[in-house]
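Below: one structure, written as structure tokens.
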Amino acid sequence: MRGLKELWQIFEERFPDTGLRKGAFAAPGRVNLIGEHTDYNDGFVLPMAIDKNITMLAQLRDDQEVRAYSLDYGREVIFSLLDLEFEKEDFWANYIKGVIDEIKKMDYYIQGMNLIFTGDIPIGSGLSSSAALEVVTAYTIASLNDLDIQPVEMALLCQRAENNFVGVNCGIMDQYISRLGKEGNALLIDCRSNEYELVRFSLEDYQVVICNSRVERGLVDSEYNQRREECEKASRYFAERLDHRVLALRDVTVEELEKEGGGLEEITYRRARHVITENNRVLMAVSALRKNDLETFGKLMTESHYSLRDDYEVSCPELDLLVELALKQKGVLGARMTGAGFGGCTVNLVHKDYIDDFIANVKKAYDQETGKDMEIYVTWPAAGARELA
């Protein structure tokens, strides 16, 4: 990743100085520690920001034009604030345009700007480079134009940008953690109320290690829709049988599942069991972190993986292999797939003394077995969106 001084040099070579306000900003990617496929069931998730960011440098213009240059793609897109058309060729520009569109809908006046951006969040890995680009764009525009957009409001407008302009029906987790993340903390999000709580994630002797399987997540869309339908079917079933209000699987306890779930088809039962037990695991994981009990936290991570593999069936052979290899290593407290599934990454909790061995052993065995040149990132609970000095 280039340093800030070098990025400003690139910026100044590319754009003439307008004499107006300028600044440098960053927003992180994220990894979900536990709480997978619970979001669309009104449940709980526990992500953390990672030490990989999208960095944006920008300066206001005295007109309505935006010149946006992506260092990573080597492409520039020029457009007017008055004419925000969907970009088919340079798709990345839609995240920027979508954010501008949502800010304009809030009746804020904004000026044009010149901007460059770059990132070290691996694209397509499930670590939310798109949310980071949305959040850093919103943060940049708000800072340079003196807009009073509160953190939660900013996260929500970035989610709307992805839903409405980009056309991806994402939940709130990625934008929330990118904007609201705080160094040394995970973020518990209630996906029904959108309420959140910072949870201290004290990693004195351990670090979070992310393994990128390098498997493209090809089946996600069709399988995702199918899982949603199965969850809704289970939710309707329990709504008819329980004497309290069931709006989603979040409202069903493990005891109620075991007592009343016998009439469900086996596959629907297993889908419901994953969601209901996963919500429990998130809350138990938060309780463990509050006690600084990383061993319990790690066991819950591993249980989560087995549930995703066996009950929800969204893992794949490569993710299962990565978890299996991780759990054989010294100093590993827990391992699980993270994200939508069918590829992407695993997240592991590894003792600092064993990280080098972990990387060498897992990488060698995985590469030999799959022929894929995997990537490993060592990180910690990092800071959310911020201005760079």
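Chains: A, B, ... in order of the structure tokens. Residues: from 1 per chain. Ligands: from 1, in order shown.
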What lies within 7 Å of region 365-375 of chain A using only C-alpha atoms, ignoring chain neighbours under 5 positions off, as a compact mmCIF listing (two decimals) with N, CA, C and O atoms, in the first residue's frame?
```txt
# COMPACT_ATOMS: atom_id res chain seq x y z
N CYS A 211 -7.88 -16.48 6.21
CA CYS A 211 -7.37 -17.29 5.09
C CYS A 211 -8.31 -17.15 3.90
O CYS A 211 -9.49 -17.49 4.00
N ASN A 212 -7.78 -16.65 2.80
CA ASN A 212 -8.58 -16.49 1.58
C ASN A 212 -8.43 -17.74 0.72
O ASN A 212 -7.35 -18.03 0.21
N SER A 213 -9.53 -18.48 0.58
CA SER A 213 -9.50 -19.76 -0.14
C SER A 213 -9.21 -19.58 -1.63
O SER A 213 -8.86 -20.53 -2.31
N ARG A 214 -9.38 -18.35 -2.13
CA ARG A 214 -9.24 -18.04 -3.56
C ARG A 214 -10.27 -18.79 -4.39
O ARG A 214 -10.08 -19.03 -5.58
N LEU A 322 -9.70 -25.74 4.92
CA LEU A 322 -8.98 -24.68 5.66
C LEU A 322 -9.27 -24.75 7.16
O LEU A 322 -8.36 -24.58 7.97
```
Please identify all polymer residues within 7 Å of region 93-105 of chain A, counting only C-alpha atoms, omitting same-chain residues fewer than 3 positions from it, and present them as a list in words.
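Returned residues: Leu84, Phe86, Glu87, Asp90, Tyr108, Tyr109, Leu133, Glu134, Thr137, Ala138, Leu157, Cys158, Ala161, Glu162, Phe165 and Val166 of chain A.
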Residues as selected, N, CA and C atoms, written as a PDB file, in the first residue's frame, can you do that?
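Output file out39.pdb follows:
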```
ATOM      1  N   LEU A  84     -26.347  11.528 -12.849  1.00  0.00           N
ATOM      2  CA  LEU A  84     -25.729  10.316 -12.270  1.00  0.00           C
ATOM      3  C   LEU A  84     -26.262   9.078 -12.989  1.00  0.00           C
ATOM      4  N   PHE A  86     -25.855   5.097 -14.389  1.00  0.00           N
ATOM      5  CA  PHE A  86     -25.221   3.822 -14.011  1.00  0.00           C
ATOM      6  C   PHE A  86     -24.071   3.509 -14.966  1.00  0.00           C
ATOM      7  N   GLU A  87     -22.934   3.130 -14.400  1.00  0.00           N
ATOM      8  CA  GLU A  87     -21.740   2.809 -15.199  1.00  0.00           C
ATOM      9  C   GLU A  87     -21.671   1.307 -15.452  1.00  0.00           C
ATOM     10  N   ASP A  90     -17.113   0.779 -15.984  1.00  0.00           N
ATOM     11  CA  ASP A  90     -16.334   0.990 -14.758  1.00  0.00           C
ATOM     12  C   ASP A  90     -17.268   0.842 -13.558  1.00  0.00           C
ATOM     13  N   TYR A 108     -28.917  17.950   0.716  1.00  0.00           N
ATOM     14  CA  TYR A 108     -27.663  18.652   0.981  1.00  0.00           C
ATOM     15  C   TYR A 108     -27.131  19.216  -0.333  1.00  0.00           C
ATOM     16  N   TYR A 109     -26.515  20.389  -0.262  1.00  0.00           N
ATOM     17  CA  TYR A 109     -25.829  20.935  -1.438  1.00  0.00           C
ATOM     18  C   TYR A 109     -24.376  20.483  -1.365  1.00  0.00           C
ATOM     19  N   LEU A 133     -15.628   1.353   0.182  1.00  0.00           N
ATOM     20  CA  LEU A 133     -15.617   2.416  -0.824  1.00  0.00           C
ATOM     21  C   LEU A 133     -16.807   3.357  -0.635  1.00  0.00           C
ATOM     22  N   GLU A 134     -17.966   2.793  -0.338  1.00  0.00           N
ATOM     23  CA  GLU A 134     -19.148   3.633  -0.077  1.00  0.00           C
ATOM     24  C   GLU A 134     -18.918   4.531   1.140  1.00  0.00           C
ATOM     25  N   THR A 137     -16.322   7.277   0.643  1.00  0.00           N
ATOM     26  CA  THR A 137     -16.877   8.319  -0.230  1.00  0.00           C
ATOM     27  C   THR A 137     -17.794   9.245   0.569  1.00  0.00           C
ATOM     28  N   ALA A 138     -18.688   8.654   1.353  1.00  0.00           N
ATOM     29  CA  ALA A 138     -19.613   9.455   2.167  1.00  0.00           C
ATOM     30  C   ALA A 138     -18.847  10.310   3.176  1.00  0.00           C
ATOM     31  N   LEU A 157     -27.177   5.493   4.801  1.00  0.00           N
ATOM     32  CA  LEU A 157     -27.237   6.044   3.446  1.00  0.00           C
ATOM     33  C   LEU A 157     -26.331   5.245   2.504  1.00  0.00           C
ATOM     34  N   CYS A 158     -25.220   4.725   3.030  1.00  0.00           N
ATOM     35  CA  CYS A 158     -24.342   3.878   2.212  1.00  0.00           C
ATOM     36  C   CYS A 158     -25.027   2.553   1.861  1.00  0.00           C
ATOM     37  N   ALA A 161     -27.405   3.290  -0.860  1.00  0.00           N
ATOM     38  CA  ALA A 161     -26.682   3.461  -2.125  1.00  0.00           C
ATOM     39  C   ALA A 161     -26.470   2.116  -2.809  1.00  0.00           C
ATOM     40  N   GLU A 162     -26.104   1.111  -2.011  1.00  0.00           N
ATOM     41  CA  GLU A 162     -25.870  -0.221  -2.592  1.00  0.00           C
ATOM     42  C   GLU A 162     -27.189  -0.866  -3.011  1.00  0.00           C
ATOM     43  N   PHE A 165     -28.883   2.128  -5.965  1.00  0.00           N
ATOM     44  CA  PHE A 165     -28.138   2.519  -7.168  1.00  0.00           C
ATOM     45  C   PHE A 165     -27.363   1.331  -7.747  1.00  0.00           C
ATOM     46  N   VAL A 166     -26.622   0.639  -6.867  1.00  0.00           N
ATOM     47  CA  VAL A 166     -25.814  -0.502  -7.337  1.00  0.00           C
ATOM     48  C   VAL A 166     -26.718  -1.699  -7.637  1.00  0.00           C
TER      49      VAL A 166
END
```
Considering only C-alpha atoms, return as a PDB file with all heavy atoms, in the first residue's frame whatever protein or nucleic-acid residues lie within 8 Å of Glu183 (chain A), sequence-local ones (same chain, fewer than 4 positions apart) excluded.
```
ATOM      1  N   ALA A  49     -13.799  -4.458  12.248  1.00  0.00           N
ATOM      2  CA  ALA A  49     -13.060  -3.823  11.153  1.00  0.00           C
ATOM      3  C   ALA A  49     -11.660  -4.427  11.101  1.00  0.00           C
ATOM      4  O   ALA A  49     -11.089  -4.789  12.132  1.00  0.00           O
ATOM      5  CB  ALA A  49     -12.985  -2.317  11.387  1.00  0.00           C
ATOM      6  N   PRO A 381      -8.708  -6.016  15.605  1.00  0.00           N
ATOM      7  CA  PRO A 381      -9.868  -5.118  15.504  1.00  0.00           C
ATOM      8  C   PRO A 381      -9.406  -3.683  15.266  1.00  0.00           C
ATOM      9  O   PRO A 381      -8.847  -3.047  16.138  1.00  0.00           O
ATOM     10  CB  PRO A 381     -10.549  -5.259  16.875  1.00  0.00           C
ATOM     11  CG  PRO A 381      -9.949  -6.482  17.492  1.00  0.00           C
ATOM     12  CD  PRO A 381      -8.566  -6.588  16.940  1.00  0.00           C
ATOM     13  N   ALA A 382      -9.636  -3.195  14.044  1.00  0.00           N
ATOM     14  CA  ALA A 382      -9.074  -1.923  13.616  1.00  0.00           C
ATOM     15  C   ALA A 382     -10.104  -0.793  13.734  1.00  0.00           C
ATOM     16  O   ALA A 382     -11.258  -1.002  14.117  1.00  0.00           O
ATOM     17  CB  ALA A 382      -8.573  -2.048  12.173  1.00  0.00           C
ATOM     18  N   ALA A 383      -9.660   0.412  13.397  1.00  0.00           N
ATOM     19  CA  ALA A 383     -10.502   1.608  13.479  1.00  0.00           C
ATOM     20  C   ALA A 383     -11.445   1.696  12.293  1.00  0.00           C
ATOM     21  O   ALA A 383     -11.140   1.216  11.200  1.00  0.00           O
ATOM     22  CB  ALA A 383      -9.635   2.854  13.550  1.00  0.00           C
ATOM     23  N   GLY A 384     -12.594   2.321  12.504  1.00  0.00           N
ATOM     24  CA  GLY A 384     -13.548   2.588  11.428  1.00  0.00           C
ATOM     25  C   GLY A 384     -13.112   3.786  10.599  1.00  0.00           C
ATOM     26  O   GLY A 384     -11.954   4.214  10.636  1.00  0.00           O
TER      27      GLY A 384
END
```
At a cut-off of 10 Å, using only C-alpha atoms, what residues contact region 291-293 of chain A? Leave out same-chain residues fewer than 3 positions from it and give the result as an NGL selection string.
:A and (200-203 or 285-288 or 296-298)
Atoms to include: C-alpha atoms. Write the selected residues as a JSON list (two decimals), in the first residue's frame.
```
[["chain", "number", "residue", "atom", "x", "y", "z"],
["A", 200, "ARG", "CA", -14.10, -4.96, 23.76],
["A", 201, "PHE", "CA", -12.05, -7.57, 21.90],
["A", 202, "SER", "CA", -8.84, -7.77, 23.90],
["A", 203, "LEU", "CA", -6.23, -9.70, 21.90],
["A", 285, "ALA", "CA", -19.61, -15.17, 22.16],
["A", 286, "VAL", "CA", -20.26, -11.59, 23.32],
["A", 287, "SER", "CA", -20.58, -12.83, 26.90],
["A", 288, "ALA", "CA", -17.26, -14.71, 26.52],
["A", 296, "THR", "CA", -14.95, -20.26, 24.80],
["A", 297, "PHE", "CA", -15.09, -17.69, 22.02],
["A", 298, "GLY", "CA", -12.91, -19.92, 19.83]]
```
Would you mind listing what lies within 9 Å of region 141-155 of chain A as a ChimeraX atom specification, with only C-alpha atoms counted and same-chain residues fewer than 5 positions away left out?
/A:21-23,58-60,100,103,108-111,113,134-136,160,172,174-180,387
Please give the complete set of residues from region 113-284 of chain A that DSSP, run on the backbone, assigns to strand (DSSP E or B), formatted as a PDB file with all heavy atoms, in the first residue's frame.
```
ATOM      1  N   MET A 113     -15.848  17.514  -7.196  1.00  0.00           N
ATOM      2  CA  MET A 113     -14.535  17.264  -6.587  1.00  0.00           C
ATOM      3  C   MET A 113     -13.664  16.420  -7.501  1.00  0.00           C
ATOM      4  O   MET A 113     -14.159  15.720  -8.399  1.00  0.00           O
ATOM      5  CB  MET A 113     -14.686  16.570  -5.221  1.00  0.00           C
ATOM      6  CG  MET A 113     -15.371  15.250  -5.242  1.00  0.00           C
ATOM      7  SD  MET A 113     -15.549  14.553  -3.558  1.00  0.00           S
ATOM      8  CE  MET A 113     -16.446  13.043  -3.918  1.00  0.00           C
ATOM      9  N   ASN A 114     -12.373  16.528  -7.280  1.00  0.00           N
ATOM     10  CA  ASN A 114     -11.406  15.615  -7.877  1.00  0.00           C
ATOM     11  C   ASN A 114     -11.020  14.612  -6.804  1.00  0.00           C
ATOM     12  O   ASN A 114     -10.815  14.990  -5.647  1.00  0.00           O
ATOM     13  CB  ASN A 114     -10.145  16.369  -8.318  1.00  0.00           C
ATOM     14  CG  ASN A 114     -10.448  17.390  -9.407  1.00  0.00           C
ATOM     15  OD1 ASN A 114     -11.278  17.152 -10.290  1.00  0.00           O
ATOM     16  ND2 ASN A 114      -9.778  18.542  -9.355  1.00  0.00           N
ATOM     17  N   LEU A 115     -10.925  13.349  -7.188  1.00  0.00           N
ATOM     18  CA  LEU A 115     -10.565  12.352  -6.173  1.00  0.00           C
ATOM     19  C   LEU A 115      -9.770  11.214  -6.782  1.00  0.00           C
ATOM     20  O   LEU A 115      -9.926  10.890  -7.968  1.00  0.00           O
ATOM     21  CB  LEU A 115     -11.816  11.813  -5.476  1.00  0.00           C
ATOM     22  CG  LEU A 115     -12.780  10.916  -6.255  1.00  0.00           C
ATOM     23  CD1 LEU A 115     -12.421   9.428  -6.109  1.00  0.00           C
ATOM     24  CD2 LEU A 115     -14.208  11.133  -5.778  1.00  0.00           C
ATOM     25  N   ILE A 116      -8.919  10.637  -5.963  1.00  0.00           N
ATOM     26  CA  ILE A 116      -8.273   9.372  -6.302  1.00  0.00           C
ATOM     27  C   ILE A 116      -8.497   8.427  -5.123  1.00  0.00           C
ATOM     28  O   ILE A 116      -8.684   8.862  -3.983  1.00  0.00           O
ATOM     29  CB  ILE A 116      -6.756   9.506  -6.584  1.00  0.00           C
ATOM     30  CG1 ILE A 116      -5.987   9.913  -5.322  1.00  0.00           C
ATOM     31  CG2 ILE A 116      -6.499  10.483  -7.724  1.00  0.00           C
ATOM     32  CD1 ILE A 116      -4.463   9.831  -5.485  1.00  0.00           C
ATOM     33  N   PHE A 117      -8.526   7.129  -5.412  1.00  0.00           N
ATOM     34  CA  PHE A 117      -8.625   6.170  -4.312  1.00  0.00           C
ATOM     35  C   PHE A 117      -7.861   4.899  -4.650  1.00  0.00           C
ATOM     36  O   PHE A 117      -7.625   4.576  -5.813  1.00  0.00           O
ATOM     37  CB  PHE A 117     -10.086   5.863  -3.964  1.00  0.00           C
ATOM     38  CG  PHE A 117     -10.814   5.010  -4.965  1.00  0.00           C
ATOM     39  CD1 PHE A 117     -10.886   3.621  -4.828  1.00  0.00           C
ATOM     40  CD2 PHE A 117     -11.440   5.589  -6.072  1.00  0.00           C
ATOM     41  CE1 PHE A 117     -11.552   2.838  -5.742  1.00  0.00           C
ATOM     42  CE2 PHE A 117     -12.115   4.804  -6.995  1.00  0.00           C
ATOM     43  CZ  PHE A 117     -12.173   3.423  -6.831  1.00  0.00           C
ATOM     44  N   THR A 118      -7.471   4.206  -3.593  1.00  0.00           N
ATOM     45  CA  THR A 118      -6.768   2.936  -3.732  1.00  0.00           C
ATOM     46  C   THR A 118      -7.098   2.092  -2.514  1.00  0.00           C
ATOM     47  O   THR A 118      -7.543   2.615  -1.489  1.00  0.00           O
ATOM     48  CB  THR A 118      -5.246   3.153  -3.843  1.00  0.00           C
ATOM     49  OG1 THR A 118      -4.601   1.884  -4.049  1.00  0.00           O
ATOM     50  CG2 THR A 118      -4.663   3.773  -2.579  1.00  0.00           C
ATOM     51  N   GLY A 119      -6.902   0.787  -2.592  1.00  0.00           N
ATOM     52  CA  GLY A 119      -7.220  -0.065  -1.454  1.00  0.00           C
ATOM     53  C   GLY A 119      -6.363  -1.311  -1.404  1.00  0.00           C
ATOM     54  O   GLY A 119      -5.781  -1.723  -2.407  1.00  0.00           O
ATOM     55  N   ASN A 185     -12.110  -3.249  19.317  1.00  0.00           N
ATOM     56  CA  ASN A 185     -13.498  -3.643  19.584  1.00  0.00           C
ATOM     57  C   ASN A 185     -14.113  -4.395  18.407  1.00  0.00           C
ATOM     58  O   ASN A 185     -13.800  -4.115  17.245  1.00  0.00           O
ATOM     59  CB  ASN A 185     -14.375  -2.412  19.844  1.00  0.00           C
ATOM     60  CG  ASN A 185     -14.073  -1.747  21.172  1.00  0.00           C
ATOM     61  OD1 ASN A 185     -14.710  -2.018  22.177  1.00  0.00           O
ATOM     62  ND2 ASN A 185     -13.078  -0.878  21.177  1.00  0.00           N
ATOM     63  N   ALA A 186     -15.003  -5.339  18.730  1.00  0.00           N
ATOM     64  CA  ALA A 186     -15.925  -5.886  17.742  1.00  0.00           C
ATOM     65  C   ALA A 186     -17.226  -5.085  17.865  1.00  0.00           C
ATOM     66  O   ALA A 186     -17.351  -4.233  18.756  1.00  0.00           O
ATOM     67  CB  ALA A 186     -16.166  -7.367  18.012  1.00  0.00           C
ATOM     68  N   LEU A 187     -18.187  -5.337  16.973  1.00  0.00           N
ATOM     69  CA  LEU A 187     -19.434  -4.575  16.987  1.00  0.00           C
ATOM     70  C   LEU A 187     -20.610  -5.547  16.957  1.00  0.00           C
ATOM     71  O   LEU A 187     -20.800  -6.258  15.969  1.00  0.00           O
ATOM     72  CB  LEU A 187     -19.494  -3.645  15.770  1.00  0.00           C
ATOM     73  CG  LEU A 187     -20.595  -2.584  15.785  1.00  0.00           C
ATOM     74  CD1 LEU A 187     -20.265  -1.474  16.784  1.00  0.00           C
ATOM     75  CD2 LEU A 187     -20.786  -1.982  14.399  1.00  0.00           C
ATOM     76  N   LEU A 188     -21.363  -5.580  18.057  1.00  0.00           N
ATOM     77  CA  LEU A 188     -22.585  -6.399  18.099  1.00  0.00           C
ATOM     78  C   LEU A 188     -23.709  -5.587  17.460  1.00  0.00           C
ATOM     79  O   LEU A 188     -24.012  -4.478  17.910  1.00  0.00           O
ATOM     80  CB  LEU A 188     -22.938  -6.750  19.544  1.00  0.00           C
ATOM     81  CG  LEU A 188     -24.288  -7.467  19.749  1.00  0.00           C
ATOM     82  CD1 LEU A 188     -24.286  -8.847  19.099  1.00  0.00           C
ATOM     83  CD2 LEU A 188     -24.622  -7.568  21.234  1.00  0.00           C
ATOM     84  N   ILE A 189     -24.320  -6.147  16.412  1.00  0.00           N
ATOM     85  CA  ILE A 189     -25.412  -5.452  15.730  1.00  0.00           C
ATOM     86  C   ILE A 189     -26.682  -6.288  15.838  1.00  0.00           C
ATOM     87  O   ILE A 189     -26.676  -7.485  15.540  1.00  0.00           O
ATOM     88  CB  ILE A 189     -25.095  -5.209  14.235  1.00  0.00           C
ATOM     89  CG1 ILE A 189     -23.752  -4.486  14.070  1.00  0.00           C
ATOM     90  CG2 ILE A 189     -26.216  -4.409  13.565  1.00  0.00           C
ATOM     91  CD1 ILE A 189     -23.243  -4.436  12.637  1.00  0.00           C
ATOM     92  N   ASP A 190     -27.749  -5.648  16.266  1.00  0.00           N
ATOM     93  CA  ASP A 190     -29.080  -6.249  16.270  1.00  0.00           C
ATOM     94  C   ASP A 190     -29.708  -5.912  14.918  1.00  0.00           C
ATOM     95  O   ASP A 190     -30.030  -4.754  14.662  1.00  0.00           O
ATOM     96  CB  ASP A 190     -29.902  -5.659  17.421  1.00  0.00           C
ATOM     97  CG  ASP A 190     -31.314  -6.232  17.500  1.00  0.00           C
ATOM     98  OD1 ASP A 190     -31.845  -6.658  16.465  1.00  0.00           O
ATOM     99  OD2 ASP A 190     -31.904  -6.220  18.605  1.00  0.00           O
ATOM    100  N   TYR A 196     -26.672  -1.039  17.994  1.00  0.00           N
ATOM    101  CA  TYR A 196     -25.334  -1.648  18.000  1.00  0.00           C
ATOM    102  C   TYR A 196     -24.648  -1.364  19.323  1.00  0.00           C
ATOM    103  O   TYR A 196     -25.025  -0.454  20.066  1.00  0.00           O
ATOM    104  CB  TYR A 196     -24.491  -1.084  16.850  1.00  0.00           C
ATOM    105  CG  TYR A 196     -24.119   0.361  17.025  1.00  0.00           C
ATOM    106  CD1 TYR A 196     -22.890   0.709  17.584  1.00  0.00           C
ATOM    107  CD2 TYR A 196     -24.989   1.372  16.651  1.00  0.00           C
ATOM    108  CE1 TYR A 196     -22.543   2.034  17.774  1.00  0.00           C
ATOM    109  CE2 TYR A 196     -24.652   2.707  16.834  1.00  0.00           C
ATOM    110  CZ  TYR A 196     -23.426   3.033  17.382  1.00  0.00           C
ATOM    111  OH  TYR A 196     -23.095   4.348  17.573  1.00  0.00           O
ATOM    112  N   GLU A 197     -23.626  -2.160  19.577  1.00  0.00           N
ATOM    113  CA  GLU A 197     -22.864  -2.005  20.820  1.00  0.00           C
ATOM    114  C   GLU A 197     -21.428  -2.423  20.563  1.00  0.00           C
ATOM    115  O   GLU A 197     -21.177  -3.494  20.002  1.00  0.00           O
ATOM    116  CB  GLU A 197     -23.495  -2.916  21.881  1.00  0.00           C
ATOM    117  CG  GLU A 197     -22.939  -2.761  23.252  1.00  0.00           C
ATOM    118  CD  GLU A 197     -23.572  -3.759  24.230  1.00  0.00           C
ATOM    119  OE1 GLU A 197     -24.667  -4.288  23.945  1.00  0.00           O
ATOM    120  OE2 GLU A 197     -22.947  -4.015  25.266  1.00  0.00           O
ATOM    121  N   LEU A 198     -20.493  -1.562  20.931  1.00  0.00           N
ATOM    122  CA  LEU A 198     -19.086  -1.932  20.841  1.00  0.00           C
ATOM    123  C   LEU A 198     -18.770  -2.954  21.924  1.00  0.00           C
ATOM    124  O   LEU A 198     -19.199  -2.803  23.064  1.00  0.00           O
ATOM    125  CB  LEU A 198     -18.195  -0.695  21.008  1.00  0.00           C
ATOM    126  CG  LEU A 198     -18.199   0.270  19.817  1.00  0.00           C
ATOM    127  CD1 LEU A 198     -17.676   1.636  20.229  1.00  0.00           C
ATOM    128  CD2 LEU A 198     -17.374  -0.300  18.666  1.00  0.00           C
ATOM    129  N   VAL A 199     -18.041  -3.995  21.556  1.00  0.00           N
ATOM    130  CA  VAL A 199     -17.676  -5.055  22.501  1.00  0.00           C
ATOM    131  C   VAL A 199     -16.155  -5.169  22.507  1.00  0.00           C
ATOM    132  O   VAL A 199     -15.533  -5.452  21.471  1.00  0.00           O
ATOM    133  CB  VAL A 199     -18.299  -6.413  22.083  1.00  0.00           C
ATOM    134  CG1 VAL A 199     -17.903  -7.499  23.083  1.00  0.00           C
ATOM    135  CG2 VAL A 199     -19.806  -6.311  21.955  1.00  0.00           C
ATOM    136  N   ARG A 200     -15.564  -4.922  23.652  1.00  0.00           N
ATOM    137  CA  ARG A 200     -14.102  -4.959  23.763  1.00  0.00           C
ATOM    138  C   ARG A 200     -13.581  -6.334  23.332  1.00  0.00           C
ATOM    139  O   ARG A 200     -14.071  -7.367  23.796  1.00  0.00           O
ATOM    140  CB  ARG A 200     -13.703  -4.679  25.211  1.00  0.00           C
ATOM    141  CG  ARG A 200     -12.213  -4.585  25.432  1.00  0.00           C
ATOM    142  CD  ARG A 200     -11.678  -3.223  25.060  1.00  0.00           C
ATOM    143  NE  ARG A 200     -10.219  -3.230  25.020  1.00  0.00           N
ATOM    144  CZ  ARG A 200      -9.492  -2.567  24.145  1.00  0.00           C
ATOM    145  NH1 ARG A 200     -10.065  -1.850  23.208  1.00  0.00           N
ATOM    146  NH2 ARG A 200      -8.180  -2.604  24.183  1.00  0.00           N
ATOM    147  N   TYR A 206      -3.266 -13.103  21.212  1.00  0.00           N
ATOM    148  CA  TYR A 206      -3.835 -13.732  20.016  1.00  0.00           C
ATOM    149  C   TYR A 206      -4.046 -12.702  18.911  1.00  0.00           C
ATOM    150  O   TYR A 206      -4.095 -11.500  19.169  1.00  0.00           O
ATOM    151  CB  TYR A 206      -5.176 -14.404  20.349  1.00  0.00           C
ATOM    152  CG  TYR A 206      -4.995 -15.664  21.150  1.00  0.00           C
ATOM    153  CD1 TYR A 206      -4.833 -15.600  22.536  1.00  0.00           C
ATOM    154  CD2 TYR A 206      -4.943 -16.912  20.540  1.00  0.00           C
ATOM    155  CE1 TYR A 206      -4.624 -16.741  23.282  1.00  0.00           C
ATOM    156  CE2 TYR A 206      -4.742 -18.056  21.278  1.00  0.00           C
ATOM    157  CZ  TYR A 206      -4.581 -17.974  22.646  1.00  0.00           C
ATOM    158  OH  TYR A 206      -4.370 -19.113  23.379  1.00  0.00           O
ATOM    159  N   GLN A 207      -4.152 -13.209  17.693  1.00  0.00           N
ATOM    160  CA  GLN A 207      -4.523 -12.339  16.576  1.00  0.00           C
ATOM    161  C   GLN A 207      -5.540 -13.060  15.695  1.00  0.00           C
ATOM    162  O   GLN A 207      -5.662 -14.286  15.731  1.00  0.00           O
ATOM    163  CB  GLN A 207      -3.295 -11.928  15.765  1.00  0.00           C
ATOM    164  CG  GLN A 207      -2.488 -10.858  16.482  1.00  0.00           C
ATOM    165  CD  GLN A 207      -1.597 -10.058  15.563  1.00  0.00           C
ATOM    166  OE1 GLN A 207      -0.486 -10.461  15.290  1.00  0.00           O
ATOM    167  NE2 GLN A 207      -2.074  -8.909  15.113  1.00  0.00           N
ATOM    168  N   VAL A 208      -6.245 -12.238  14.929  1.00  0.00           N
ATOM    169  CA  VAL A 208      -7.199 -12.785  13.972  1.00  0.00           C
ATOM    170  C   VAL A 208      -6.446 -13.028  12.665  1.00  0.00           C
ATOM    171  O   VAL A 208      -5.763 -12.133  12.154  1.00  0.00           O
ATOM    172  CB  VAL A 208      -8.369 -11.804  13.756  1.00  0.00           C
ATOM    173  CG1 VAL A 208      -9.265 -12.277  12.621  1.00  0.00           C
ATOM    174  CG2 VAL A 208      -9.170 -11.659  15.047  1.00  0.00           C
ATOM    175  N   VAL A 209      -6.547 -14.246  12.160  1.00  0.00           N
ATOM    176  CA  VAL A 209      -5.874 -14.607  10.910  1.00  0.00           C
ATOM    177  C   VAL A 209      -6.946 -15.008   9.891  1.00  0.00           C
ATOM    178  O   VAL A 209      -7.768 -15.885  10.169  1.00  0.00           O
ATOM    179  CB  VAL A 209      -4.873 -15.766  11.124  1.00  0.00           C
ATOM    180  CG1 VAL A 209      -4.182 -16.125   9.814  1.00  0.00           C
ATOM    181  CG2 VAL A 209      -3.837 -15.389  12.186  1.00  0.00           C
ATOM    182  N   ILE A 210      -6.935 -14.337   8.755  1.00  0.00           N
ATOM    183  CA  ILE A 210      -7.930 -14.587   7.703  1.00  0.00           C
ATOM    184  C   ILE A 210      -7.262 -15.367   6.581  1.00  0.00           C
ATOM    185  O   ILE A 210      -6.204 -14.978   6.082  1.00  0.00           O
ATOM    186  CB  ILE A 210      -8.487 -13.250   7.169  1.00  0.00           C
ATOM    187  CG1 ILE A 210      -9.157 -12.463   8.296  1.00  0.00           C
ATOM    188  CG2 ILE A 210      -9.477 -13.493   6.028  1.00  0.00           C
ATOM    189  CD1 ILE A 210      -9.456 -11.013   7.940  1.00  0.00           C
ATOM    190  N   CYS A 211      -7.878 -16.476   6.207  1.00  0.00           N
ATOM    191  CA  CYS A 211      -7.370 -17.292   5.093  1.00  0.00           C
ATOM    192  C   CYS A 211      -8.309 -17.149   3.902  1.00  0.00           C
ATOM    193  O   CYS A 211      -9.490 -17.491   4.002  1.00  0.00           O
ATOM    194  CB  CYS A 211      -7.291 -18.768   5.496  1.00  0.00           C
ATOM    195  SG  CYS A 211      -6.133 -19.100   6.836  1.00  0.00           S
ATOM    196  N   ASN A 212      -7.783 -16.654   2.796  1.00  0.00           N
ATOM    197  CA  ASN A 212      -8.575 -16.488   1.578  1.00  0.00           C
ATOM    198  C   ASN A 212      -8.431 -17.742   0.719  1.00  0.00           C
ATOM    199  O   ASN A 212      -7.353 -18.029   0.209  1.00  0.00           O
ATOM    200  CB  ASN A 212      -8.090 -15.252   0.816  1.00  0.00           C
ATOM    201  CG  ASN A 212      -8.943 -14.940  -0.406  1.00  0.00           C
ATOM    202  OD1 ASN A 212      -9.821 -15.710  -0.777  1.00  0.00           O
ATOM    203  ND2 ASN A 212      -8.691 -13.811  -1.027  1.00  0.00           N
TER     204      ASN A 212
END
```
Ser307 (chain A) surroundings by only C-alpha atoms, 10 Å radius, close-in-sequence under 5 positions cut, as a PyMOL selection string
chain A and resi 36+270-271+273-275+277-278+302+312-315+336
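Using only C-alpha atoms, the residues found no farther than 10 Å from Tyr354 (chain A), other than those of its own chain fewer than 3 positions away, are A:Tyr206, A:Gln329, A:Lys330, A:Gly331, A:Val332, A:Val350, A:His351, A:Asp357, A:Phe358, A:Ile359.
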